[in-house]
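Asks: Sharing start_38.cif, mmCIF, C-alpha atoms and all ligand atoms:
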```
data_structure
#
loop_
_atom_site.label_atom_id
_atom_site.label_comp_id
_atom_site.auth_asym_id
_atom_site.auth_seq_id
_atom_site.Cartn_x
_atom_site.Cartn_y
_atom_site.Cartn_z
CA MET I 870 -13.10 16.37 -22.31
CA GLU I 871 -10.53 14.57 -20.23
CA LEU I 872 -8.14 12.79 -22.59
CA LEU I 873 -5.55 11.32 -20.25
CA LYS I 874 -5.75 10.54 -16.58
CA THR I 875 -3.25 8.80 -14.34
CA GLU I 876 -4.45 7.52 -11.02
CA ASN I 877 -1.99 7.13 -8.16
CA LEU I 878 0.78 5.75 -10.39
CA LYS I 879 3.75 4.18 -8.66
CA LYS I 880 7.01 2.88 -10.07
CA TYR I 881 9.86 1.93 -7.80
CA PHE I 882 13.34 0.81 -8.83
CA GLY I 883 14.49 -0.98 -5.71
CA GLU I 884 14.86 1.72 -3.07
CA VAL I 885 14.25 4.53 -5.55
CA HIS I 886 10.67 5.76 -5.58
CA ALA I 887 10.89 7.13 -9.13
CA VAL I 888 7.16 7.78 -9.43
CA ASP I 889 5.36 7.74 -6.14
CA GLY I 890 1.61 8.19 -6.38
CA VAL I 891 1.13 10.52 -9.34
CA SER I 892 -2.37 11.53 -10.41
CA ILE I 893 -2.52 13.97 -13.31
CA SER I 894 -4.97 14.65 -16.09
CA VAL I 895 -4.77 16.24 -19.52
CA GLU I 896 -7.72 17.70 -21.39
CA ASN I 897 -8.22 17.46 -25.14
CA GLY I 898 -5.86 19.87 -26.87
CA GLU I 899 -4.22 20.94 -23.62
CA ILE I 900 -0.47 21.47 -23.36
CA ILE I 901 1.01 20.61 -20.01
CA SER I 902 4.63 20.83 -19.01
CA ILE I 903 6.31 18.64 -16.47
CA VAL I 904 9.21 20.25 -14.67
CA GLY I 905 11.37 19.15 -11.78
CA PRO I 906 14.98 18.56 -10.85
CA ASN I 907 17.07 15.69 -12.25
CA GLY I 908 15.80 12.36 -11.03
CA SER I 909 12.40 13.68 -9.94
CA GLY I 910 10.58 11.07 -12.04
CA LYS I 911 9.58 12.98 -15.18
CA THR I 912 10.87 10.49 -17.74
CA THR I 913 9.58 7.56 -15.72
CA LEU I 914 6.13 9.16 -15.68
CA VAL I 915 6.25 9.66 -19.46
CA ASN I 916 7.27 6.02 -19.90
CA LEU I 917 4.37 4.88 -17.75
CA VAL I 918 1.99 6.82 -20.01
CA SER I 919 3.59 5.66 -23.27
CA GLY I 920 3.63 2.05 -22.06
CA GLY I 921 7.40 1.67 -22.10
CA LEU I 922 7.15 0.87 -18.40
CA LYS I 923 4.45 -0.90 -16.41
CA PRO I 924 3.50 0.67 -13.07
CA ASP I 925 3.85 -1.23 -9.79
CA SER I 926 0.40 0.09 -8.98
CA GLY I 927 -2.05 2.72 -10.14
CA LYS I 928 -3.86 3.18 -13.42
CA VAL I 929 -3.72 5.01 -16.73
CA PHE I 930 -6.93 6.05 -18.48
CA PHE I 931 -7.21 7.37 -22.04
CA GLU I 932 -10.55 8.76 -23.21
CA GLY I 933 -12.06 7.18 -20.14
CA LYS I 934 -10.74 3.71 -20.92
CA ASP I 935 -8.39 1.83 -18.63
CA ILE I 936 -5.25 1.27 -20.74
CA THR I 937 -2.88 0.30 -17.93
CA ASN I 938 -2.22 -3.08 -19.51
CA PHE I 939 -2.02 -1.89 -23.13
CA THR I 940 1.27 -2.46 -24.98
CA VAL I 941 3.19 0.47 -26.48
CA HIS I 942 1.93 -0.52 -29.91
CA LYS I 943 -1.69 -0.53 -28.82
CA ARG I 944 -1.26 2.87 -27.18
CA VAL I 945 0.19 4.31 -30.39
CA LYS I 946 -2.83 2.90 -32.24
CA ILE I 947 -5.34 4.64 -29.94
CA GLY I 948 -3.53 7.96 -30.30
CA ILE I 949 -0.68 8.26 -27.84
CA GLY I 950 2.37 9.45 -29.75
CA ARG I 951 5.88 9.26 -28.43
CA SER I 952 9.26 9.79 -29.99
CA PHE I 953 11.17 6.59 -30.46
CA GLN I 954 14.61 8.06 -29.91
CA ILE I 955 16.38 5.80 -32.37
CA PRO I 956 17.53 8.43 -34.88
CA ALA I 957 20.81 6.61 -35.53
CA ILE I 958 18.96 4.07 -37.68
CA TYR I 959 17.80 6.79 -40.03
CA GLU I 960 21.17 8.44 -40.56
CA ASN I 961 21.35 7.25 -44.20
CA LEU I 962 17.72 7.87 -45.07
CA THR I 963 16.28 11.14 -46.21
CA THR I 964 13.94 13.06 -43.95
CA LEU I 965 11.08 12.15 -46.27
CA ASP I 966 11.89 8.42 -46.11
CA SER I 967 12.09 8.65 -42.33
CA VAL I 968 8.56 10.02 -42.06
CA LEU I 969 7.34 7.40 -44.53
CA VAL I 970 8.95 4.64 -42.48
CA SER I 971 7.09 5.96 -39.49
CA ILE I 972 3.75 6.02 -41.32
CA PHE I 973 4.27 2.52 -42.72
CA SER I 974 5.43 1.02 -39.44
CA HIS I 975 2.21 2.25 -37.91
CA GLU I 976 0.16 0.44 -40.51
CA GLY I 977 2.07 -2.80 -40.10
CA ILE I 978 4.85 -3.89 -42.40
CA SER I 979 2.77 -6.52 -44.20
CA ASN I 980 0.31 -3.88 -45.38
CA ILE I 981 3.02 -2.18 -47.40
CA PHE I 982 2.95 -5.03 -49.90
CA TYR I 983 -0.76 -4.59 -50.37
CA ARG I 984 -0.57 -0.84 -50.78
CA THR I 985 -1.91 0.48 -54.00
CA LYS I 986 0.11 3.14 -55.75
CA ASP I 987 -2.59 5.67 -54.87
CA LYS I 988 -2.23 4.98 -51.20
CA PHE I 989 1.53 5.15 -51.38
CA ASP I 990 1.37 8.50 -53.14
CA GLY I 991 -1.10 9.71 -50.52
CA ALA I 992 1.30 8.88 -47.70
CA ARG I 993 4.11 10.56 -49.60
CA GLU I 994 2.09 13.73 -50.04
CA GLU I 995 1.15 13.70 -46.37
CA ALA I 996 4.80 13.31 -45.39
CA ILE I 997 5.92 16.14 -47.68
CA LYS I 998 3.24 18.44 -46.28
CA LEU I 999 4.24 17.66 -42.70
CA LEU I 1000 7.92 18.35 -43.44
CA GLU I 1001 6.96 21.61 -45.08
CA ILE I 1002 4.88 22.79 -42.14
CA LEU I 1003 7.70 21.93 -39.74
CA ASN I 1004 10.31 23.60 -41.97
CA ILE I 1005 12.35 20.44 -42.39
CA PRO I 1006 14.15 20.20 -45.73
CA VAL I 1007 14.06 16.99 -47.75
CA LYS I 1008 17.64 15.79 -47.45
CA LEU I 1009 19.75 13.10 -45.81
CA VAL I 1010 19.24 12.91 -42.06
CA SER I 1011 23.03 12.92 -41.63
CA GLU I 1012 23.11 16.41 -43.16
CA LEU I 1013 20.63 17.94 -40.70
CA PRO I 1014 21.70 20.24 -37.87
CA HIS I 1015 20.76 19.03 -34.38
CA GLY I 1016 17.68 21.26 -34.02
CA GLN I 1017 16.17 19.91 -37.21
CA ARG I 1018 16.90 16.34 -36.15
CA LYS I 1019 14.87 16.88 -33.02
CA LEU I 1020 12.10 18.32 -35.19
CA LEU I 1021 12.27 15.30 -37.49
CA ASP I 1022 11.87 13.07 -34.47
CA VAL I 1023 8.72 14.99 -33.56
CA ALA I 1024 7.54 14.93 -37.20
CA MET I 1025 7.77 11.14 -37.18
CA VAL I 1026 5.53 11.02 -34.12
CA LEU I 1027 3.11 13.56 -35.58
CA SER I 1028 2.83 11.54 -38.80
CA LEU I 1029 1.02 8.93 -36.72
CA LYS I 1030 -1.72 11.51 -36.06
CA PRO I 1031 -1.76 11.20 -32.28
CA LYS I 1032 -4.39 12.78 -30.01
CA LEU I 1033 -1.71 13.13 -27.35
CA ILE I 1034 1.99 13.61 -27.92
CA LEU I 1035 4.61 12.97 -25.24
CA LEU I 1036 7.80 14.99 -25.62
CA ASP I 1037 10.70 14.36 -23.28
CA GLU I 1038 12.95 17.42 -23.47
CA PRO I 1039 12.34 18.31 -27.12
CA THR I 1040 14.86 21.16 -26.95
CA ALA I 1041 17.65 19.24 -25.21
CA GLY I 1042 20.98 19.95 -26.83
CA ILE I 1043 19.57 22.67 -29.08
CA SER I 1044 21.29 26.05 -29.03
CA LEU I 1045 19.46 28.89 -27.28
CA GLU I 1046 18.94 30.70 -30.59
CA GLU I 1047 17.36 27.67 -32.26
CA ARG I 1048 15.30 26.66 -29.26
CA ASP I 1049 12.55 29.20 -29.58
CA GLU I 1050 12.00 28.49 -33.23
CA VAL I 1051 11.86 24.73 -32.70
CA MET I 1052 9.35 25.06 -29.88
CA GLN I 1053 7.23 27.57 -31.79
CA THR I 1054 7.12 25.24 -34.76
CA ILE I 1055 6.09 22.25 -32.65
CA VAL I 1056 3.59 24.13 -30.51
CA GLY I 1057 2.12 25.96 -33.50
CA PHE I 1058 1.42 22.67 -35.23
CA ILE I 1059 -0.04 20.82 -32.26
CA GLU I 1060 -2.24 23.79 -31.35
CA GLU I 1061 -3.51 24.04 -34.88
CA GLN I 1062 -4.29 20.31 -34.96
CA ASN I 1063 -5.75 20.41 -31.44
CA ILE I 1064 -3.31 17.74 -30.27
CA ALA I 1065 -2.75 17.52 -26.53
CA ALA I 1066 0.84 17.44 -25.29
CA VAL I 1067 2.81 16.46 -22.24
CA ILE I 1068 6.18 18.18 -22.49
CA VAL I 1069 9.09 17.53 -20.16
CA GLU I 1070 11.21 20.65 -20.22
CA HIS I 1071 14.16 22.12 -18.35
CA ASP I 1072 14.08 25.58 -19.89
CA MET I 1073 11.76 27.66 -17.70
CA GLU I 1074 11.28 30.32 -20.35
CA VAL I 1075 10.00 27.71 -22.76
CA VAL I 1076 7.76 26.28 -20.06
CA GLY I 1077 6.22 29.62 -19.12
CA GLU I 1078 5.55 30.56 -22.68
CA TYR I 1079 3.87 27.48 -24.08
CA SER I 1080 2.09 25.64 -21.29
CA ASP I 1081 -1.59 25.75 -20.45
CA ARG I 1082 -0.65 24.14 -17.16
CA ILE I 1083 2.55 23.22 -15.35
CA VAL I 1084 3.13 20.20 -13.14
CA VAL I 1085 6.10 20.38 -10.79
CA MET I 1086 7.54 17.03 -9.74
CA HIS I 1087 9.83 16.40 -6.82
CA GLU I 1088 11.06 13.02 -5.59
CA GLY I 1089 8.45 11.12 -7.58
CA LYS I 1090 5.52 13.20 -6.39
CA VAL I 1091 3.56 16.13 -7.77
CA LEU I 1092 4.69 19.04 -5.66
CA LYS I 1093 2.44 21.64 -7.29
CA GLU I 1094 0.45 22.26 -10.40
CA GLY I 1095 -1.11 25.32 -11.93
CA GLY I 1096 -0.53 28.21 -14.32
CA LYS I 1097 2.84 29.80 -14.98
CA GLU I 1098 2.54 31.81 -11.76
CA ILE I 1099 3.62 28.68 -9.87
CA LEU I 1100 7.10 29.15 -11.33
CA GLU I 1101 7.32 32.16 -9.00
CA ASP I 1102 6.30 30.11 -5.98
CA GLU I 1103 9.07 30.14 -3.40
CA GLU I 1104 9.13 26.41 -2.72
CA VAL I 1105 9.04 25.64 -6.46
CA ARG I 1106 11.88 28.05 -7.12
CA ARG I 1107 13.99 26.58 -4.36
CA ILE I 1108 13.55 23.08 -5.74
CA LEU I 1109 14.14 24.02 -9.37
CA ILE I 1110 17.16 26.15 -8.62
CA GLY I 1111 18.60 23.32 -6.55
CA ASP I 1112 18.60 21.46 -9.87
N1 LIG A 1201 15.55 1.76 -15.31
C1 LIG A 1201 15.89 2.27 -14.14
N2 LIG A 1201 16.51 1.51 -13.21
C2 LIG A 1201 16.86 2.02 -12.01
N3 LIG A 1201 16.61 3.28 -11.63
C3 LIG A 1201 16.00 4.09 -12.51
C4 LIG A 1201 15.62 3.63 -13.80
N4 LIG A 1201 15.02 4.66 -14.45
C5 LIG A 1201 15.04 5.69 -13.61
N5 LIG A 1201 15.63 5.36 -12.44
C6 LIG A 1201 15.79 6.25 -11.27
O1 LIG A 1201 14.52 6.80 -10.98
C7 LIG A 1201 14.63 8.18 -10.61
C8 LIG A 1201 13.79 9.02 -11.55
O2 LIG A 1201 14.40 8.99 -12.84
P1 LIG A 1201 13.79 9.76 -14.09
O3 LIG A 1201 14.66 9.41 -15.24
O4 LIG A 1201 12.36 9.47 -14.20
O5 LIG A 1201 14.01 11.27 -13.67
P2 LIG A 1201 13.88 12.60 -14.52
O6 LIG A 1201 13.02 13.53 -13.73
O7 LIG A 1201 13.47 12.29 -15.90
O8 LIG A 1201 15.37 13.17 -14.51
P3 LIG A 1201 16.18 14.02 -15.62
O9 LIG A 1201 15.76 15.44 -15.44
O10 LIG A 1201 17.62 13.81 -15.23
O11 LIG A 1201 15.87 13.48 -16.97
C9 LIG A 1201 16.12 8.49 -10.65
O12 LIG A 1201 16.62 8.35 -9.34
C10 LIG A 1201 16.68 7.44 -11.56
O13 LIG A 1201 18.02 7.16 -11.24
MG MG A 1202 14.33 12.61 -17.80
#
```
Take the structure in the file and give it back as structure tokens.
Ligand SMILES: Nc1ncnc2c1ncn2[C@@H]1O[C@H](COP(=O)(O)OP(=O)(O)OP(=O)(O)O)[C@@H](O)[C@H]1O
Ligand SMILES: [Mg+2]

Replies:
Amino acid sequence: MELLKTENLKKYFGEVHAVDGVSISVENGEIISIVGPNGSGKTTLVNLVSGGLKPDSGKVFFEGKDITNFTVHKRVKIGIGRSFQIPAIYENLTTLDSVLVSIFSHEGISNIFYRTKDKFDGAREEAIKLLEILNIPVKLVSELPHGQRKLLDVAMVLSLKPKLILLDEPTAGISLEERDEVMQTIVGFIEEQNIAAVIVEHDMEVVGEYSDRIVVMHEGKVLKEGGKEILEDEEVRRILIGD
């Protein structure tokens, strides 16, 4: 079933046509990668789907429902997960507390005071299990290497049990050696849980290995989409190498 669909999305910043008529769709459980040179509109597209930005025109559908005017919060509630990219706040918390904060924030802060001990323990168990699966140790966030911090960021999103997760360069800043392991951990989990993913990625090896489908963006438009064979396409190569 079609989970996400964007219809002719446009977002301009003055003269810059950041996203210029993008129509894409993502099936249930499908992993798509968005590639393209710097400034081609990838992050803007992700923000339009997560609700961080409102389009100038066009629509976003989720499970067939028009969600174009939904707030970020409402989109999280219906199952669109995104990383919040505010790890600095959690520097002095443990990894376990960070995941718990994420779970509680989703339920609404006021509900915490009405939580029974049972429910609290349940959330704690859930968080511990998630950290275990993702190979994240229970320790202070400030003591984690960069790769594990990125994983924690993803764990916090996954703790919200999304149907679709949006990952903007999950391996950015991670060493080449660590990269494969981080991606395998993330992809293994989302495949197992049948979560769909939209991954923005610069590393073409990562893209080829994990994507069901690849969308190539250029100057705000979808230049091409298809299987990993499109990475061999001459026009695609020229544009990506020009990056
Ligand atoms: N808030 C903003 N205000 C003005 N211009 C913006 C804003 N956000 C993005 N842009 C511009 O829109 C274009 C697309 O930016 P976007 O960040 O979506 O590209 P990207 O494909 O994610 O690039 P990168 O690979 O560098 O992350 C760029 O020209 C960028 O400078
Ligand atoms: Mg970007």

Asks: Compile a residue-level contact table for chain I against ligand MG 1202 (chain A) at a cut-off of 8 Å, reporting for every qualifying residue the shortest atom pair and its distance in Å to one decimal, with only C-alpha atoms and all ligand atoms counted, rows ordered by chain and ascending number, as a tab-separated table.

Replies:
```
residue	atom	partner	partner_atom	distance
I:Asn907	CA	A:MG1202	MG	6.9
I:Gly908	CA	A:MG1202	MG	6.9
I:Gly910	CA	A:MG1202	MG	7.0
I:Lys911	CA	A:MG1202	MG	5.4
I:Thr912	CA	A:MG1202	MG	4.1
I:Thr913	CA	A:MG1202	MG	7.2
I:Asp1037	CA	A:MG1202	MG	6.8
I:Glu1038	CA	A:MG1202	MG	7.6
I:Val1069	CA	A:MG1202	MG	7.6
```

Asks: Output, as lines of an AutoDock Vina configuration file, the centre and edge lengths in Å (one decimal) of the axis-aligned box that contains all listed atoms of stretch 963-977 of chain I with 4 Å of margin on each side.

Replies:
```
center_x = 8.2
center_y = 5.1
center_z = -42.1
size_x = 24.1
size_y = 23.9
size_z = 16.4
```

Asks: Atom CA of I:Leu1003 to atom CA of I:Glu1060: how many Å, to one decimal?

Replies: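 Value for the atom CA of I:Leu1003-atom CA of I:Glu1060 distance: 13.1 Å.
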
Asks: If the limit is 10 Å from any atom of ligand LIG 1201 (chain A), counting only C-alpha atoms and all ligand atoms, which residues qualify? Return them as a ChimeraX atom specification.

Replies: /I:880-888,903-917,922,1037-1038,1069-1071,1086-1089,1112

Asks: Using atom CA of I:Glu1074 and atom CA of I:Glu1103 as the two end points, give the distance in Å to one decimal.

Replies: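 About the pair atom CA of I:Glu1074 and atom CA of I:Glu1103: they are 17.1 Å apart.
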
Asks: Determine the nearest neighbour of I:Glu1061 from the options I:Leu1020, I:Ile1002, I:Glu1104, I:Val891, counting all atoms listed in the file.

Replies: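 Nearest candidate to I:Glu1061 out of I:Leu1020, I:Ile1002, I:Glu1104, I:Val891: I:Ile1002.
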
Asks: Calculate how many Å separate atom CA of I:Leu1033 from atom CA of I:Ile900, rounding to one decimal.

Replies: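 According to the coordinates, atom CA of I:Leu1033 and atom CA of I:Ile900 are separated by 9.3 Å.
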
Asks: Which residue is closest to I:Gln1062? Choose from I:Lys986, I:Lys879, I:Lys934, I:Lys1030 and count only C-alpha atoms.

Replies: I:Lys1030

Asks: Have a look at I:Thr964, I:Ser974, I:Ser894, I:Asn938 and name the one nearest to I:Glu1001; count all atoms listed in the file.

Replies: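 Of I:Thr964, I:Ser974, I:Ser894, I:Asn938, the one nearest I:Glu1001 is I:Thr964, counting all atoms listed in the file.
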
Asks: Identify, on the basis of all atoms listed in the file, every residue whose closest approach to I:His1015 does not exceed 7 Å; exclude the query and any residue fewer than 3 positions from it along the same chain; express the result as number ranges by chain.

Replies: I: 1018-1019, 1043
